Amino acid sequence: MAAPDLIIPAAEAQLLFTAANADAALLYLYLKAGRPCQDACGALGMSQARYALALAALEQLQLYTRQAPPREPPEPQPVTDGDMMRELAAGTEFSKLLGEVQRRFGRVLSTEEVRQLVRIYRSYGLAPEVITILINYCIQRQRQNNNPRMPSFRAIEREAAAWEREGVETMEQAAAYMQQRLLQQTQLGRIRQAFGIQDRRLTQSEETYIRRWLDWGFGEPEIAFAYDKTCLNTGGLRWAYLNSILESWHSQGLTTLAQIRAGDRPAAKPARTSRPGYRVQQHDGQLSPLQQAAVERLMNETEK
């Protein structure tokens with residue numbers, strides 16, 4: 001599949017013209033093409049100093065924003081029996097959290113489960129109310145997957161680490177994040193069926209692909225349309241090829257079927273040539289005087 005054309009908004013182009021900074025313009029084009037920032041010096045032949053100045057210029061023009069480094073969750077600390085006794089003291093926040101979790105599970109938690117809950121409570125900086133929403137999300141996710149069992153506390157802890165990385169801290173953030181993830185989970189199931197995957201669950205990599213497409217703003221109809229194009233061009237489901245189609249639309253700002261059908265036009269094919277380096281004269285084209293003379297000379301030689 002051909003690489004998509006690079007689209008530069010007029011307002012951004014005007015900013016680059018006004019800045020008159022060749023390094024900044026070159027770096028802008030490089031980053032706009034989706035190339036990795038860390039490889040820019042080698043790819044563009046810039047020194048570290050030139051690269052730093054170009055990047056600072058783009059930031060000043062508000063054409064680039066540095067990405068904050070991903071938040072790494074803290075290492076879970078071991079929980080001793082003494083830690084458990086202190087957290088279980090009557091009236092503590094944790095004792096109230098434990099009561100709510102046991103109500104949701106419909107049973108008394110085992111000692112090991114309580115220990116894991118204490119570790120979640122202490123290690124990830126999540127408020128008790130947020131942990132309650134997190135556990136409710138894990139339970140609903142199990143039900144969406146037609147799994148009647150309650151989630152394990154190992155799975156809950158993995159989800160807690162993910163929430164901490166995403167910066168989910170308040171009840172409002174937790175409720176919105178839960179709603180978004182559950183909606184995506186429903187969409188994942190429908191997209192899996194649209195792809196004809198019936199006898200197994202999606203792998204982690206496949207799920208990551210689909211979540212990325214949903215985060216780009218595509219819905220199920222657009223993803224199904226890209227899947228149909230993939231099957232026509234490759235004969236089946238090819239995840240990388242399907243991703244390249246959607247990535248192309250995303251880079252062009254096409255997110256709805258109407259936009260895609262109107263804007264995703266195949267590139268015009270070059271004219272056929274009889275030999276490498278020789279263009280074929282079109283039937284409705286006009287011959288130049290030089291060409292007319294060549295034709296007449298060829299006709300005369302043929303008659304002889």
# chains A, B, ... in the order shown; residues from 1 in each chain; ligands from 1
>>> residues_around(residues="Leu88 (chain A)", least_positions_apart="6", cutoff="10 Å", atoms="only C-alpha atoms", output="list of chain:residue names")
A:Gly82, A:Phe94, A:Ser95, A:Lys96, A:Leu97, A:Leu98, A:Val114, A:Val118
>>> write_last_selection(atoms="N, CA and C atoms", output="mmCIF file, in the first residue's frame")
data_model
loop_
_atom_site.group_PDB
_atom_site.id
_atom_site.type_symbol
_atom_site.label_atom_id
_atom_site.label_comp_id
_atom_site.auth_asym_id
_atom_site.auth_seq_id
_atom_site.Cartn_x
_atom_site.Cartn_y
_atom_site.Cartn_z
ATOM 1 N N GLY A 82 1.440 -7.887 60.592
ATOM 2 C CA GLY A 82 1.250 -6.650 61.351
ATOM 3 C C GLY A 82 0.591 -5.572 60.525
ATOM 4 N N PHE A 94 -9.554 1.351 55.282
ATOM 5 C CA PHE A 94 -9.415 0.038 54.664
ATOM 6 C C PHE A 94 -10.506 -0.916 55.144
ATOM 7 N N SER A 95 -10.850 -0.851 56.424
ATOM 8 C CA SER A 95 -11.890 -1.753 56.928
ATOM 9 C C SER A 95 -13.216 -1.503 56.221
ATOM 10 N N LYS A 96 -13.497 -0.236 55.915
ATOM 11 C CA LYS A 96 -14.715 0.084 55.174
ATOM 12 C C LYS A 96 -14.615 -0.431 53.731
ATOM 13 N N LEU A 97 -13.432 -0.283 53.132
ATOM 14 C CA LEU A 97 -13.216 -0.794 51.775
ATOM 15 C C LEU A 97 -13.399 -2.303 51.747
ATOM 16 N N LEU A 98 -12.835 -3.000 52.714
ATOM 17 C CA LEU A 98 -12.950 -4.456 52.773
ATOM 18 C C LEU A 98 -14.409 -4.874 52.856
ATOM 19 N N VAL A 114 -7.267 -10.842 51.349
ATOM 20 C CA VAL A 114 -7.177 -9.608 52.137
ATOM 21 C C VAL A 114 -5.771 -9.031 52.034
ATOM 22 N N VAL A 118 -4.801 -5.354 50.631
ATOM 23 C CA VAL A 118 -3.973 -4.393 51.367
ATOM 24 C C VAL A 118 -2.833 -3.899 50.474
#
>>> atom_distance(atom1="CA of Glu220 (chain A)", atom2="CA of Asn233 (chain A)")
19.9 Å
>>> closest_residue(among="A:Asp199, A:Trp216, A:Ala24, A:Asp228", to="Trp249 (chain A)", atoms="only C-alpha atoms")
A:Trp216
>>> select_by_dssp(residues="region 133-211 of chain A", states="helix (DSSP H, G or I)", output="PyMOL selection string")
chain A and resi 133-144+153-166+171-194+204-211
>>> residues_around(residues="region 254-259 of chain A", least_positions_apart="5", cutoff="12 Å", atoms="only C-alpha atoms", output="number ranges by chain")
A: 4, 7, 213-226, 245-249, 264-265
>>> closest_atom_pairs(of="region 164-255 of chain A", to="region 131-147 of chain A", cutoff="8 Å", atoms="only C-alpha atoms", output="JSON lines")
{"residue": "A:Met171", "atom": "CA", "partner": "A:Ile133", "partner_atom": "CA", "distance": 7.8}
{"residue": "A:Ala174", "atom": "CA", "partner": "A:Ile133", "partner_atom": "CA", "distance": 6.7}
{"residue": "A:Ala175", "atom": "CA", "partner": "A:Ile133", "partner_atom": "CA", "distance": 7.0}
{"residue": "A:Met178", "atom": "CA", "partner": "A:Tyr137", "partner_atom": "CA", "distance": 6.1}
{"residue": "A:Leu182", "atom": "CA", "partner": "A:Arg141", "partner_atom": "CA", "distance": 6.8}
{"residue": "A:Gln185", "atom": "CA", "partner": "A:Arg141", "partner_atom": "CA", "distance": 7.5}
{"residue": "A:Thr186", "atom": "CA", "partner": "A:Gln144", "partner_atom": "CA", "distance": 7.3}
>>> atom_distance(atom1="CA of Arg115 (chain A)", atom2="CA of Met84 (chain A)")
6.7 Å
>>> residues_around(residues="Glu113 (chain A)", least_positions_apart="4", cutoff="7 Å", atoms="only C-alpha atoms", output="ChimeraX atom specification")
/A:109,117,153
>>> write_last_selection(atoms="C-alpha atoms", output="short mmCIF file (atom, residue, chain, number, x, y, z; two decimals), in the first residue's frame")
data_model
loop_
_atom_site.label_atom_id
_atom_site.label_comp_id
_atom_site.auth_asym_id
_atom_site.auth_seq_id
_atom_site.Cartn_x
_atom_site.Cartn_y
_atom_site.Cartn_z
CA LEU A 109 -12.41 -12.88 51.54
CA LEU A 117 -6.22 -6.07 48.77
CA PHE A 153 -7.07 -10.41 42.96
#
>>> atom_distance(atom1="CA of Gln252 (chain A)", atom2="CA of Ala56 (chain A)")
25.8 Å
>>> residues_around(residues="Gly34 (chain A)", least_positions_apart="4", cutoff="12 Å", atoms="only C-alpha atoms", output="ChimeraX atom specification")
/A:3-4,6-7,27-30,38-40,247-248,250-251
>>> decode(residues="region 179-206 of chain A", atoms="C-alpha atoms", output="PDB file, in the first residue's frame")
ATOM      1  CA  GLN A 179     -17.446   3.609  31.164  1.00  0.00           C
ATOM      2  CA  GLN A 180     -15.010   4.098  28.284  1.00  0.00           C
ATOM      3  CA  ARG A 181     -13.290   0.753  28.853  1.00  0.00           C
ATOM      4  CA  LEU A 182     -16.570  -1.168  29.151  1.00  0.00           C
ATOM      5  CA  LEU A 183     -17.815   0.428  25.929  1.00  0.00           C
ATOM      6  CA  GLN A 184     -14.581  -0.575  24.211  1.00  0.00           C
ATOM      7  CA  GLN A 185     -14.966  -4.079  25.597  1.00  0.00           C
ATOM      8  CA  THR A 186     -18.413  -4.323  23.996  1.00  0.00           C
ATOM      9  CA  GLN A 187     -17.003  -3.005  20.722  1.00  0.00           C
ATOM     10  CA  LEU A 188     -14.126  -5.481  20.893  1.00  0.00           C
ATOM     11  CA  GLY A 189     -16.619  -8.338  21.022  1.00  0.00           C
ATOM     12  CA  ARG A 190     -18.607  -7.086  18.047  1.00  0.00           C
ATOM     13  CA  ILE A 191     -15.481  -6.379  15.987  1.00  0.00           C
ATOM     14  CA  ARG A 192     -14.145  -9.849  16.820  1.00  0.00           C
ATOM     15  CA  GLN A 193     -17.351 -11.345  15.426  1.00  0.00           C
ATOM     16  CA  ALA A 194     -17.208  -9.091  12.350  1.00  0.00           C
ATOM     17  CA  PHE A 195     -13.707 -10.446  11.715  1.00  0.00           C
ATOM     18  CA  GLY A 196     -15.077 -13.981  11.828  1.00  0.00           C
ATOM     19  CA  ILE A 197     -13.204 -14.906  15.019  1.00  0.00           C
ATOM     20  CA  GLN A 198     -15.720 -17.147  16.736  1.00  0.00           C
ATOM     21  CA  ASP A 199     -13.876 -19.958  18.434  1.00  0.00           C
ATOM     22  CA  ARG A 200     -11.338 -18.043  20.516  1.00  0.00           C
ATOM     23  CA  ARG A 201     -10.693 -14.807  22.355  1.00  0.00           C
ATOM     24  CA  LEU A 202      -8.577 -12.008  20.932  1.00  0.00           C
ATOM     25  CA  THR A 203      -4.885 -12.149  21.710  1.00  0.00           C
ATOM     26  CA  GLN A 204      -3.294  -9.277  23.609  1.00  0.00           C
ATOM     27  CA  SER A 205      -1.702  -7.905  20.425  1.00  0.00           C
ATOM     28  CA  GLU A 206      -4.987  -8.106  18.500  1.00  0.00           C
TER      29      GLU A 206
END
